Structure formats: C-alpha cells, structure tokens
$ cat protein-v5.cif   # mmCIF, C-alpha atoms
data_model
#
loop_
_atom_site.label_atom_id
_atom_site.label_comp_id
_atom_site.auth_asym_id
_atom_site.auth_seq_id
_atom_site.Cartn_x
_atom_site.Cartn_y
_atom_site.Cartn_z
CA ALA A 28 15.49 -138.11 -14.23
CA GLN A 29 14.67 -134.84 -12.57
CA SER A 30 11.16 -134.33 -11.28
CA VAL A 31 9.33 -131.79 -9.16
CA SER A 32 6.32 -132.55 -7.00
CA GLN A 33 3.94 -129.93 -5.68
CA HIS A 34 1.71 -131.37 -3.02
CA ASN A 35 -1.31 -129.14 -3.29
CA HIS A 36 -3.06 -128.57 -6.58
CA HIS A 37 -5.66 -126.18 -5.21
CA VAL A 38 -5.50 -124.05 -2.09
CA ILE A 39 -8.22 -121.74 -0.83
CA LEU A 40 -7.46 -119.21 1.88
CA SER A 41 -8.99 -116.17 3.43
CA GLU A 42 -7.11 -112.89 3.43
CA ALA A 43 -4.54 -112.60 6.24
CA ALA A 44 -4.16 -116.37 6.49
CA SER A 45 -0.69 -117.84 6.32
CA LEU A 46 0.43 -119.74 3.26
CA GLU A 47 2.77 -122.65 2.79
CA LEU A 48 3.07 -124.45 -0.52
CA GLY A 49 5.06 -127.64 -0.63
CA CYS A 50 7.64 -128.53 -3.24
CA ASN A 51 9.88 -131.58 -3.39
CA TYR A 52 12.33 -132.39 -6.13
CA SER A 53 14.09 -135.49 -7.22
CA TYR A 54 17.61 -135.12 -8.53
CA GLY A 55 20.93 -136.57 -7.48
CA GLY A 56 23.11 -133.58 -8.24
CA THR A 57 23.31 -129.95 -7.25
CA VAL A 58 20.36 -127.86 -8.28
CA ASN A 59 19.09 -124.34 -8.59
CA LEU A 60 15.56 -123.85 -7.27
CA PHE A 61 12.88 -121.39 -8.29
CA TRP A 62 9.35 -120.35 -7.54
CA TYR A 63 7.37 -118.67 -10.29
CA VAL A 64 3.93 -117.11 -10.15
CA GLN A 65 1.42 -116.76 -12.94
CA TYR A 66 -1.37 -114.26 -12.29
CA PRO A 67 -4.56 -114.69 -14.30
CA GLY A 68 -3.89 -113.72 -17.90
CA GLN A 69 -0.28 -112.82 -17.25
CA HIS A 70 3.10 -114.37 -17.94
CA LEU A 71 5.30 -116.29 -15.53
CA GLN A 72 7.13 -114.06 -13.08
CA LEU A 73 10.02 -115.04 -10.85
CA LEU A 74 9.13 -114.89 -7.15
CA LEU A 75 12.43 -116.06 -5.76
CA LYS A 76 15.36 -118.34 -6.43
CA TYR A 77 17.95 -120.32 -4.53
CA PHE A 78 21.39 -121.08 -5.87
CA SER A 79 23.56 -121.37 -2.77
CA GLY A 80 24.21 -119.83 0.65
CA ASP A 81 21.49 -119.02 3.17
CA PRO A 82 18.79 -121.64 2.70
CA LEU A 83 16.09 -119.14 3.64
CA VAL A 84 15.54 -116.90 0.66
CA LYS A 85 13.30 -113.89 0.43
CA GLY A 86 11.53 -112.90 -2.73
CA ILE A 87 9.17 -110.28 -3.96
CA LYS A 88 5.80 -109.41 -2.46
CA GLY A 89 6.64 -110.80 0.98
CA PHE A 90 7.24 -114.38 -0.15
CA GLU A 91 10.03 -116.53 1.20
CA ALA A 92 11.17 -120.10 0.71
CA GLU A 93 13.33 -122.48 2.67
CA PHE A 94 15.65 -124.99 1.05
CA ILE A 95 16.02 -128.16 3.12
CA LYS A 96 18.63 -130.26 1.38
CA SER A 97 18.04 -133.39 3.48
CA LYS A 98 14.39 -133.38 2.52
CA PHE A 99 14.87 -132.27 -1.09
CA SER A 100 12.30 -129.60 -0.36
CA PHE A 101 11.85 -125.95 -1.23
CA ASN A 102 8.61 -124.81 0.34
CA LEU A 103 7.12 -121.41 -0.33
CA ARG A 104 5.68 -119.34 2.51
CA LYS A 105 3.94 -116.06 3.13
CA PRO A 106 2.79 -114.99 6.60
CA SER A 107 -0.33 -113.15 5.47
CA VAL A 108 -1.87 -113.49 2.04
CA GLN A 109 -3.86 -110.88 0.17
CA TRP A 110 -6.58 -111.18 -2.42
CA SER A 111 -4.02 -110.04 -5.01
CA ASP A 112 -1.99 -113.21 -4.35
CA THR A 113 -4.63 -115.22 -6.19
CA ALA A 114 -2.59 -116.94 -8.89
CA GLU A 115 -0.94 -120.19 -9.90
CA TYR A 116 2.42 -120.97 -8.32
CA PHE A 117 5.08 -123.15 -9.89
CA CYS A 118 8.13 -124.67 -8.31
CA ALA A 119 11.00 -125.40 -10.70
CA VAL A 120 14.48 -126.88 -10.63
CA SER A 121 17.46 -126.75 -12.95
CA ARG A 122 20.79 -128.53 -12.80
CA ARG A 123 23.54 -126.37 -11.35
CA GLY A 124 26.09 -125.59 -14.01
CA GLY A 125 24.05 -127.34 -16.61
CA TYR A 126 22.20 -126.05 -19.56
CA ASN A 127 19.25 -123.78 -19.08
CA LYS A 128 16.52 -126.36 -18.67
CA LEU A 129 13.82 -125.86 -16.08
CA ILE A 130 11.76 -128.75 -14.78
CA PHE A 131 8.45 -127.52 -13.40
CA GLY A 132 6.05 -128.92 -10.89
CA ALA A 133 2.39 -129.23 -11.83
CA GLY A 134 1.53 -125.96 -10.15
CA THR A 135 -0.70 -124.92 -7.26
CA ARG A 136 -3.74 -122.75 -7.84
CA LEU A 137 -4.22 -120.37 -4.93
CA ALA A 138 -7.51 -118.58 -4.43
CA VAL A 139 -7.64 -115.93 -1.72
CA HIS A 140 -11.06 -114.77 -0.60
CA PRO A 141 -11.57 -111.30 0.87
CA LYS B 112 15.42 -103.10 -20.02
CA ALA B 113 12.92 -104.54 -22.46
CA GLY B 114 11.54 -107.95 -21.62
CA VAL B 115 11.22 -111.08 -23.66
CA THR B 116 9.04 -110.50 -26.70
CA GLN B 117 7.06 -113.26 -28.32
CA THR B 118 5.12 -112.95 -31.53
CA PRO B 119 2.42 -113.51 -32.45
CA ARG B 120 0.33 -113.54 -29.27
CA TYR B 121 -2.40 -115.71 -30.77
CA LEU B 122 -2.54 -118.14 -33.65
CA ILE B 123 -5.24 -120.37 -35.05
CA LYS B 124 -4.09 -123.10 -37.41
CA THR B 125 -5.61 -126.12 -39.06
CA ARG B 126 -4.47 -129.68 -38.52
CA GLY B 127 -1.64 -130.60 -40.87
CA GLN B 128 -0.37 -127.05 -41.25
CA GLN B 129 2.91 -125.80 -39.89
CA VAL B 130 3.57 -122.80 -37.70
CA THR B 131 6.55 -120.63 -36.74
CA LEU B 132 6.75 -118.75 -33.47
CA SER B 133 9.26 -116.03 -32.69
CA CYS B 134 11.06 -114.97 -29.52
CA SER B 135 13.32 -111.98 -28.94
CA PRO B 136 15.30 -112.33 -25.70
CA ILE B 137 16.36 -109.66 -23.28
CA SER B 138 19.25 -107.67 -24.67
CA GLY B 139 22.50 -109.37 -23.73
CA HIS B 140 20.91 -112.73 -23.00
CA ARG B 141 22.31 -115.41 -25.26
CA SER B 142 20.28 -118.37 -24.02
CA VAL B 143 16.73 -118.93 -25.17
CA SER B 144 14.60 -121.84 -24.06
CA TRP B 145 11.11 -122.87 -25.08
CA TYR B 146 8.32 -124.43 -23.05
CA GLN B 147 4.88 -125.79 -23.81
CA GLN B 148 2.11 -125.15 -21.28
CA THR B 149 -1.10 -127.17 -21.38
CA PRO B 150 -3.76 -127.83 -18.72
CA GLY B 151 -3.06 -131.55 -18.80
CA GLN B 152 0.72 -131.70 -18.98
CA GLY B 153 1.67 -128.43 -17.32
CA LEU B 154 4.91 -126.74 -18.30
CA GLN B 155 7.24 -128.89 -20.33
CA PHE B 156 10.68 -128.06 -21.67
CA LEU B 157 11.02 -128.15 -25.43
CA PHE B 158 14.59 -127.08 -26.17
CA GLU B 159 17.28 -124.53 -25.37
CA TYR B 160 19.57 -122.60 -27.66
CA PHE B 161 22.76 -120.78 -26.91
CA SER B 162 24.88 -118.99 -29.51
CA GLU B 163 22.88 -120.57 -32.31
CA THR B 164 23.43 -124.10 -30.98
CA GLN B 165 20.79 -126.36 -29.51
CA ARG B 166 22.21 -127.49 -26.19
CA ASN B 167 19.33 -129.44 -24.78
CA LYS B 168 16.11 -130.96 -26.02
CA GLY B 169 13.01 -132.23 -24.26
CA ASN B 170 10.91 -135.25 -25.06
CA PHE B 171 8.95 -133.95 -27.99
CA PRO B 172 8.60 -135.44 -31.46
CA GLY B 173 10.75 -134.27 -34.33
CA ARG B 174 7.87 -132.14 -35.60
CA PHE B 175 9.01 -129.59 -33.04
CA SER B 176 12.16 -127.80 -34.06
CA GLY B 177 13.85 -124.51 -33.48
CA ARG B 178 16.75 -122.32 -34.30
CA GLN B 179 18.57 -119.30 -33.00
CA PHE B 180 20.01 -116.46 -35.00
CA SER B 181 23.24 -114.54 -34.47
CA ASN B 182 21.31 -111.75 -32.72
CA SER B 183 19.98 -114.36 -30.23
CA ARG B 184 16.44 -114.19 -31.54
CA SER B 185 14.90 -117.61 -31.73
CA GLU B 186 12.15 -119.30 -33.66
CA MET B 187 10.38 -122.54 -33.07
CA ASN B 188 8.56 -124.45 -35.74
CA VAL B 189 5.90 -127.10 -35.46
CA SER B 190 5.13 -129.05 -38.60
CA THR B 191 2.12 -131.22 -39.39
CA LEU B 192 0.09 -129.73 -36.57
CA GLU B 193 -2.10 -131.97 -34.44
CA LEU B 194 -5.00 -131.00 -32.19
CA GLY B 195 -2.87 -131.86 -29.18
CA ASP B 196 -0.37 -129.18 -30.11
CA SER B 197 -2.85 -126.56 -28.93
CA ALA B 198 -1.05 -124.88 -26.05
CA LEU B 199 0.59 -121.77 -24.73
CA TYR B 200 4.19 -121.70 -25.96
CA LEU B 201 6.53 -119.80 -23.71
CA CYS B 202 9.99 -118.53 -24.38
CA ALA B 203 12.49 -117.71 -21.65
CA SER B 204 15.83 -115.97 -21.86
CA SER B 205 18.75 -116.06 -19.49
CA ASP B 206 22.46 -115.48 -19.30
CA THR B 207 24.76 -118.43 -19.76
CA SER B 208 24.49 -119.72 -16.21
CA GLY B 209 20.90 -118.85 -15.53
CA GLY B 210 22.11 -116.63 -12.71
CA ASP B 211 19.54 -113.98 -13.51
CA GLY B 212 16.81 -116.52 -13.34
CA TYR B 213 14.84 -117.15 -16.44
CA THR B 214 12.70 -114.31 -17.72
CA PHE B 215 9.62 -115.46 -19.55
CA GLY B 216 7.71 -113.84 -22.34
CA SER B 217 3.94 -113.57 -22.47
CA GLY B 218 3.70 -116.55 -24.74
CA THR B 219 2.02 -117.45 -27.99
CA ARG B 220 -1.32 -119.18 -27.66
CA LEU B 221 -1.68 -121.68 -30.47
CA THR B 222 -5.02 -123.22 -31.23
CA VAL B 223 -5.19 -126.07 -33.71
CA VAL B 224 -8.61 -126.77 -35.21
#

$ encode --input "protein-v5.cif" --output "structure tokens"
Amino acid sequence: AQSVSQHNHHVILSEAASLELGCNYSYGGTVNLFWYVQYPGQHLQLLLKYFSGDPLVKGIKGFEAEFIKSKFSFNLRKPSVQWSDTAEYFCAVSRRGGYNKLIFGAGTRLAVHP
Amino acid sequence: KAGVTQTPRYLIKTRGQQVTLSCSPISGHRSVSWYQQTPGQGLQFLFEYFSETQRNKGNFPGRFSGRQFSNSRSEMNVSTLELGDSALYLCASSDTSGGDGYTFGSGTRLTVV
C-alpha cells in the first residue's frame, strides 16, 4: 500500500532561516509527487509538483523540491523563510497513470517568528 | 477561471442524521475526489468520480457514499452520522490525468453533536 511519511510534525524557525521539510513515500510503481500548503483558515494550495524530467522542481513563493528516486524522497526547501510562510505543509503522492487518488503525509506545521 | 466550490461551508448535525455535501469542480474538470481532514487522522481519501462513475474508493464504511452528475458536480452523503464524522470535508477537481494537479475547494466543516 502507498504511504507518505513526513519526518517533522512541528518546525519553528526565525525569519531568514533556511527550511527543509522531509518527505518519504512508499510505493513500488511510478508516482506523481506534490507539496501542498494550508495557511491558517484557508484551503489547500498546490506549492509544486513533480511528474517527470528534472528532479529539481521549483514552485510558487520561492519553494523548491528535489525528487531522489533512490531514496524515495521528495524534500521541500526554501532558502529564506518569511513570517508569511507560517502554515501547514503536506506532501502527497498519486500513482502515475492511475486514478486521481492522493495519499497525504501527516503534515508539518511550520511557525516562523519575526 | 472559477475555483472549486463547496457548499455549505459549515454544518451542524445530530448523531444519527444524514448529511449531503456538494462540490462544483473547475469548469472542464471531469474528475472529482473527496477527502476527509481530521486532527487525528489527517487527510484521507474518500472516493473519486469521473464521468459519473466511481473509479476509486478509500477505506471508509458504507455510510459514506457519493455520486457525480452529468455536469461533473458531485455530492457526498454520510448517513447515520457519528461523532467521529466531525471533520473538514474537502473536494478536489482535476483533469483525467491529474496533470493540472488537484485543485481543492475550501471545504465543508461538519460538526456532529
């Protein structure tokens, strides 16, 4: 069965610090990978996605993620966080060519202090 | 283009009642999937519909059901509500391959008392 593991449940950073959120997935086939963000009181928004090609993908708001197939990982990074990045971040996976079913990780709550 | 619209935004129901939630996908999107979000279980897949057919179903009891209409709008129904059904129910729409990513609605917050 597919599963997604996010290593950090809570992360606290100061503004301008660098961010890396870990995500590992378990699935034997080919997958599509996603990072979503949920700001307080708002709906899930797509940050970035990886389907194929360059394993380093860039998303909105300065976020990027690197797909490492050998490690089944898709870690999210941002060089310098801002207070407005305070949110919950979800890694998700779906089967390539399969039906539209997303498996989510448990989420990481990020708090950025000014 | 307009986003995914879910109605109502909030619902309070009593144990044993049933509830119907509605989702209107992005225009042109024919796939609609539903998710339950709770603090304890996180985001869990309920089911997905495409062209009025349920293509995939998560591990939820039969009390949870859904359907999709010819205009791609979808409804989900929960019968015999339990306290544990209190959650944020999210709908997502996508094209057939998910190539656009999945666009989520704001959700319906259901509280069962």

$ residues_around --input "protein-v5.cif" --residues "Arg174 (chain B)" --least-positions-apart "6" --cutoff "7 Å" --atoms "all atoms listed in the file" --output "NGL selection string"
:B and (189-191)

$ residues_around --input "protein-v5.cif" --residues "Asp206 (chain B)" --least-positions-apart "5" --cutoff "6 Å" --atoms "all atoms listed in the file" --output "list in words"
His140, Arg141 and Ser142 of chain B

$ residues_around --input "protein-v5.cif" --residues "region 155-157 of chain B" --least-positions-apart "5" --cutoff "12 Å" --atoms "all atoms listed in the file" --output "PDB file with C-alpha atoms, in the coordinates of the input"
ATOM      1  CA  SER A  30      11.160-134.330 -11.280  1.00  0.00           C
ATOM      2  CA  VAL A  31       9.330-131.790  -9.160  1.00  0.00           C
ATOM      3  CA  ALA A 119      11.000-125.400 -10.700  1.00  0.00           C
ATOM      4  CA  VAL A 120      14.480-126.880 -10.630  1.00  0.00           C
ATOM      5  CA  SER A 121      17.460-126.750 -12.950  1.00  0.00           C
ATOM      6  CA  TYR A 126      22.200-126.050 -19.560  1.00  0.00           C
ATOM      7  CA  ASN A 127      19.250-123.780 -19.080  1.00  0.00           C
ATOM      8  CA  LYS A 128      16.520-126.360 -18.670  1.00  0.00           C
ATOM      9  CA  LEU A 129      13.820-125.860 -16.080  1.00  0.00           C
ATOM     10  CA  ILE A 130      11.760-128.750 -14.780  1.00  0.00           C
ATOM     11  CA  PHE A 131       8.450-127.520 -13.400  1.00  0.00           C
ATOM     12  CA  GLY A 132       6.050-128.920 -10.890  1.00  0.00           C
ATOM     13  CA  ALA A 133       2.390-129.230 -11.830  1.00  0.00           C
TER      14      ALA A 133
ATOM     15  CA  VAL B 143      16.730-118.930 -25.170  1.00  0.00           C
ATOM     16  CA  SER B 144      14.600-121.840 -24.060  1.00  0.00           C
ATOM     17  CA  TRP B 145      11.110-122.870 -25.080  1.00  0.00           C
ATOM     18  CA  TYR B 146       8.320-124.430 -23.050  1.00  0.00           C
ATOM     19  CA  GLN B 147       4.880-125.790 -23.810  1.00  0.00           C
ATOM     20  CA  GLN B 148       2.110-125.150 -21.280  1.00  0.00           C
ATOM     21  CA  THR B 149      -1.100-127.170 -21.380  1.00  0.00           C
ATOM     22  CA  PRO B 150      -3.760-127.830 -18.720  1.00  0.00           C
ATOM     23  CA  GLN B 165      20.790-126.360 -29.510  1.00  0.00           C
ATOM     24  CA  ARG B 166      22.210-127.490 -26.190  1.00  0.00           C
ATOM     25  CA  ASN B 167      19.330-129.440 -24.780  1.00  0.00           C
ATOM     26  CA  LYS B 168      16.110-130.960 -26.020  1.00  0.00           C
ATOM     27  CA  GLY B 169      13.010-132.230 -24.260  1.00  0.00           C
ATOM     28  CA  ASN B 170      10.910-135.250 -25.060  1.00  0.00           C
ATOM     29  CA  PHE B 171       8.950-133.950 -27.990  1.00  0.00           C
ATOM     30  CA  PRO B 172       8.600-135.440 -31.460  1.00  0.00           C
ATOM     31  CA  GLY B 173      10.750-134.270 -34.330  1.00  0.00           C
ATOM     32  CA  ARG B 174       7.870-132.140 -35.600  1.00  0.00           C
ATOM     33  CA  PHE B 175       9.010-129.590 -33.040  1.00  0.00           C
ATOM     34  CA  SER B 176      12.160-127.800 -34.060  1.00  0.00           C
ATOM     35  CA  GLY B 177      13.850-124.510 -33.480  1.00  0.00           C
ATOM     36  CA  MET B 187      10.380-122.540 -33.070  1.00  0.00           C
ATOM     37  CA  ASN B 188       8.560-124.450 -35.740  1.00  0.00           C
ATOM     38  CA  VAL B 189       5.900-127.100 -35.460  1.00  0.00           C
ATOM     39  CA  ALA B 198      -1.050-124.880 -26.050  1.00  0.00           C
ATOM     40  CA  LEU B 199       0.590-121.770 -24.730  1.00  0.00           C
ATOM     41  CA  TYR B 200       4.190-121.700 -25.960  1.00  0.00           C
ATOM     42  CA  LEU B 201       6.530-119.800 -23.710  1.00  0.00           C
ATOM     43  CA  CYS B 202       9.990-118.530 -24.380  1.00  0.00           C
ATOM     44  CA  ALA B 203      12.490-117.710 -21.650  1.00  0.00           C
TER      45      ALA B 203
END

$ atom_distance --input "protein-v5.cif" --atom1 "CA of Gly212 (chain B)" --atom2 "CA of Arg123 (chain A)"
12.1 Å

$ interface_residues --input "protein-v5.cif" --of "chain B" --to "chain A" --cutoff "7 Å" --atoms "all atoms listed in the file" --output "MDAnalysis selection string"
chainID B and resid 153:154 156 159 166:167 208:209 215:217

$ residues_around --input "protein-v5.cif" --residues "Asn182 (chain B)" --least-positions-apart "5" --cutoff "10 Å" --atoms "only C-alpha atoms" --output "MDAnalysis selection string"
chainID B and resid 135:136 138:141 162:163

$ resolve_selection --input "protein-v5.cif" --expression "the PyMOL selection byres ((chain A and resi 98-103) around 7)" --output "PDB file with C-alpha atoms, in the frame of the given file"
ATOM      1  CA  GLU A  47       2.770-122.650   2.790  1.00  0.00           C
ATOM      2  CA  LEU A  48       3.070-124.450  -0.520  1.00  0.00           C
ATOM      3  CA  GLY A  49       5.060-127.640  -0.630  1.00  0.00           C
ATOM      4  CA  CYS A  50       7.640-128.530  -3.240  1.00  0.00           C
ATOM      5  CA  ASN A  51       9.880-131.580  -3.390  1.00  0.00           C
ATOM      6  CA  TYR A  52      12.330-132.390  -6.130  1.00  0.00           C
ATOM      7  CA  SER A  53      14.090-135.490  -7.220  1.00  0.00           C
ATOM      8  CA  GLU A  91      10.030-116.530   1.200  1.00  0.00           C
ATOM      9  CA  ALA A  92      11.170-120.100   0.710  1.00  0.00           C
ATOM     10  CA  GLU A  93      13.330-122.480   2.670  1.00  0.00           C
ATOM     11  CA  PHE A  94      15.650-124.990   1.050  1.00  0.00           C
ATOM     12  CA  ILE A  95      16.020-128.160   3.120  1.00  0.00           C
ATOM     13  CA  LYS A  96      18.630-130.260   1.380  1.00  0.00           C
ATOM     14  CA  SER A  97      18.040-133.390   3.480  1.00  0.00           C
ATOM     15  CA  ARG A 104       5.680-119.340   2.510  1.00  0.00           C
TER      16      ARG A 104
END

$ resolve_selection --input "protein-v5.cif" --expression "the PyMOL selection byres ((chain B and resi 119-127) around 8)" --output "list in words"
Gln117, Thr118, Gln128, Gln129, Val130, Leu132, Ser133, Ser190, Thr191, Leu192, Glu193, Leu194, Ser217, Gly218, Thr219, Arg220, Leu221, Thr222, Val223 and Val224 of chain B

$ residues_near_point --input "protein-v5.cif" --point "(14.8, -104.5, -22.8)" --cutoff "7 Å" --atoms "all atoms listed in the file" --output "PyMOL selection string"
chain B and resi 112-114+137-138

$ atom_distance --input "protein-v5.cif" --atom1 "CA of Pro141 (chain A)" --atom2 "CA of Ile87 (chain A)"
21.3 Å

$ resolve_selection --input "protein-v5.cif" --expression "the PyMOL selection byres ((chain A and resi 34-41) around 6)" --output "list in words"
Gln33, Glu42, Ala44, Gly49, Thr135, Arg136, Leu137, Ala138, Val139 and His140 of chain A

$ atom_distance --input "protein-v5.cif" --atom1 "CA of Ala43 (chain A)" --atom2 "CA of Ser107 (chain A)"
4.3 Å

$ axis_aligned_box --input "protein-v5.cif" --around "region 77-90 of chain A" --padding-each-side "8 Å" --output "JSON"
{"center_x": 15.0, "center_y": -115.5, "center_z": -1.1, "size_x": 34.4, "size_y": 28.2, "size_z": 25.5}

$ build_atoms --input "protein-v5.cif" --residues "region 43-54 of chain A" --atoms "all heavy atoms" --output "PDB file, in the coordinates of the input"
ATOM      1  N   ALA A  43      -5.267-112.652   4.977  1.00  0.00           N
ATOM      2  CA  ALA A  43      -4.540-112.600   6.240  1.00  0.00           C
ATOM      3  C   ALA A  43      -4.124-113.981   6.742  1.00  0.00           C
ATOM      4  O   ALA A  43      -3.376-114.076   7.713  1.00  0.00           O
ATOM      5  CB  ALA A  43      -5.294-111.861   7.334  1.00  0.00           C
ATOM      6  N   ALA A  44      -4.605-115.035   6.087  1.00  0.00           N
ATOM      7  CA  ALA A  44      -4.160-116.370   6.490  1.00  0.00           C
ATOM      8  C   ALA A  44      -2.717-116.579   6.050  1.00  0.00           C
ATOM      9  O   ALA A  44      -2.218-115.907   5.149  1.00  0.00           O
ATOM     10  CB  ALA A  44      -5.060-117.428   5.860  1.00  0.00           C
ATOM     11  N   SER A  45      -2.060-117.518   6.695  1.00  0.00           N
ATOM     12  CA  SER A  45      -0.690-117.840   6.320  1.00  0.00           C
ATOM     13  C   SER A  45      -0.695-118.898   5.219  1.00  0.00           C
ATOM     14  O   SER A  45      -1.611-119.719   5.120  1.00  0.00           O
ATOM     15  CB  SER A  45       0.102-118.341   7.529  1.00  0.00           C
ATOM     16  OG  SER A  45      -0.455-119.546   7.999  1.00  0.00           O
ATOM     17  N   LEU A  46       0.343-118.845   4.414  1.00  0.00           N
ATOM     18  CA  LEU A  46       0.430-119.740   3.260  1.00  0.00           C
ATOM     19  C   LEU A  46       1.713-120.559   3.332  1.00  0.00           C
ATOM     20  O   LEU A  46       2.783-120.029   3.648  1.00  0.00           O
ATOM     21  CB  LEU A  46       0.441-118.919   1.970  1.00  0.00           C
ATOM     22  CG  LEU A  46       0.762-119.677   0.674  1.00  0.00           C
ATOM     23  CD1 LEU A  46      -0.402-120.572   0.276  1.00  0.00           C
ATOM     24  CD2 LEU A  46       1.092-118.703  -0.448  1.00  0.00           C
ATOM     25  N   GLU A  47       1.595-121.842   3.024  1.00  0.00           N
ATOM     26  CA  GLU A  47       2.770-122.650   2.790  1.00  0.00           C
ATOM     27  C   GLU A  47       2.453-123.623   1.671  1.00  0.00           C
ATOM     28  O   GLU A  47       1.511-124.405   1.772  1.00  0.00           O
ATOM     29  CB  GLU A  47       3.227-123.424   4.033  1.00  0.00           C
ATOM     30  CG  GLU A  47       4.474-124.259   3.759  1.00  0.00           C
ATOM     31  CD  GLU A  47       5.243-124.657   5.007  1.00  0.00           C
ATOM     32  OE1 GLU A  47       4.804-124.330   6.113  1.00  0.00           O
ATOM     33  OE2 GLU A  47       6.316-125.286   4.858  1.00  0.00           O
ATOM     34  N   LEU A  48       3.232-123.564   0.611  1.00  0.00           N
ATOM     35  CA  LEU A  48       3.070-124.450  -0.520  1.00  0.00           C
ATOM     36  C   LEU A  48       4.284-125.383  -0.577  1.00  0.00           C
ATOM     37  O   LEU A  48       5.422-124.928  -0.562  1.00  0.00           O
ATOM     38  CB  LEU A  48       2.971-123.665  -1.832  1.00  0.00           C
ATOM     39  CG  LEU A  48       1.821-122.670  -1.930  1.00  0.00           C
ATOM     40  CD1 LEU A  48       1.828-121.989  -3.293  1.00  0.00           C
ATOM     41  CD2 LEU A  48       0.495-123.330  -1.671  1.00  0.00           C
ATOM     42  N   GLY A  49       3.996-126.662  -0.645  1.00  0.00           N
ATOM     43  CA  GLY A  49       5.060-127.640  -0.630  1.00  0.00           C
ATOM     44  C   GLY A  49       5.652-127.917  -1.993  1.00  0.00           C
ATOM     45  O   GLY A  49       4.957-127.882  -3.010  1.00  0.00           O
ATOM     46  N   CYS A  50       6.945-128.177  -2.012  1.00  0.00           N
ATOM     47  CA  CYS A  50       7.640-128.530  -3.240  1.00  0.00           C
ATOM     48  C   CYS A  50       8.771-129.490  -2.895  1.00  0.00           C
ATOM     49  O   CYS A  50       9.613-129.176  -2.048  1.00  0.00           O
ATOM     50  CB  CYS A  50       8.209-127.292  -3.922  1.00  0.00           C
ATOM     51  SG  CYS A  50       9.275-127.653  -5.351  1.00  0.00           S
ATOM     52  N   ASN A  51       8.784-130.636  -3.526  1.00  0.00           N
ATOM     53  CA  ASN A  51       9.880-131.580  -3.390  1.00  0.00           C
ATOM     54  C   ASN A  51      10.433-131.899  -4.767  1.00  0.00           C
ATOM     55  O   ASN A  51       9.688-131.976  -5.740  1.00  0.00           O
ATOM     56  CB  ASN A  51       9.416-132.874  -2.720  1.00  0.00           C
ATOM     57  CG  ASN A  51       9.188-132.695  -1.247  1.00  0.00           C
ATOM     58  OD1 ASN A  51       8.095-132.366  -0.812  1.00  0.00           O
ATOM     59  ND2 ASN A  51      10.239-132.877  -0.475  1.00  0.00           N
ATOM     60  N   TYR A  52      11.727-132.093  -4.841  1.00  0.00           N
ATOM     61  CA  TYR A  52      12.330-132.390  -6.130  1.00  0.00           C
ATOM     62  C   TYR A  52      13.124-133.685  -6.020  1.00  0.00           C
ATOM     63  O   TYR A  52      13.533-134.103  -4.929  1.00  0.00           O
ATOM     64  CB  TYR A  52      13.218-131.233  -6.605  1.00  0.00           C
ATOM     65  CG  TYR A  52      14.434-131.014  -5.736  1.00  0.00           C
ATOM     66  CD1 TYR A  52      15.645-131.624  -6.040  1.00  0.00           C
ATOM     67  CD2 TYR A  52      14.359-130.210  -4.610  1.00  0.00           C
ATOM     68  CE1 TYR A  52      16.758-131.441  -5.241  1.00  0.00           C
ATOM     69  CE2 TYR A  52      15.450-130.021  -3.800  1.00  0.00           C
ATOM     70  CZ  TYR A  52      16.652-130.631  -4.113  1.00  0.00           C
ATOM     71  OH  TYR A  52      17.742-130.445  -3.313  1.00  0.00           O
ATOM     72  N   SER A  53      13.319-134.259  -7.158  1.00  0.00           N
ATOM     73  CA  SER A  53      14.090-135.490  -7.220  1.00  0.00           C
ATOM     74  C   SER A  53      15.227-135.273  -8.211  1.00  0.00           C
ATOM     75  O   SER A  53      14.994-135.077  -9.398  1.00  0.00           O
ATOM     76  CB  SER A  53      13.205-136.648  -7.690  1.00  0.00           C
ATOM     77  OG  SER A  53      13.978-137.802  -7.927  1.00  0.00           O
ATOM     78  N   TYR A  54      16.431-135.259  -7.676  1.00  0.00           N
ATOM     79  CA  TYR A  54      17.610-135.120  -8.530  1.00  0.00           C
ATOM     80  C   TYR A  54      18.841-135.409  -7.698  1.00  0.00           C
ATOM     81  O   TYR A  54      18.945-134.955  -6.580  1.00  0.00           O
ATOM     82  CB  TYR A  54      17.705-133.715  -9.133  1.00  0.00           C
ATOM     83  CG  TYR A  54      18.863-133.593 -10.087  1.00  0.00           C
ATOM     84  CD1 TYR A  54      18.860-134.309 -11.284  1.00  0.00           C
ATOM     85  CD2 TYR A  54      19.957-132.809  -9.782  1.00  0.00           C
ATOM     86  CE1 TYR A  54      19.932-134.246 -12.149  1.00  0.00           C
ATOM     87  CE2 TYR A  54      21.033-132.738 -10.646  1.00  0.00           C
ATOM     88  CZ  TYR A  54      21.016-133.456 -11.823  1.00  0.00           C
ATOM     89  OH  TYR A  54      22.073-133.396 -12.686  1.00  0.00           O
TER      90      TYR A  54
END
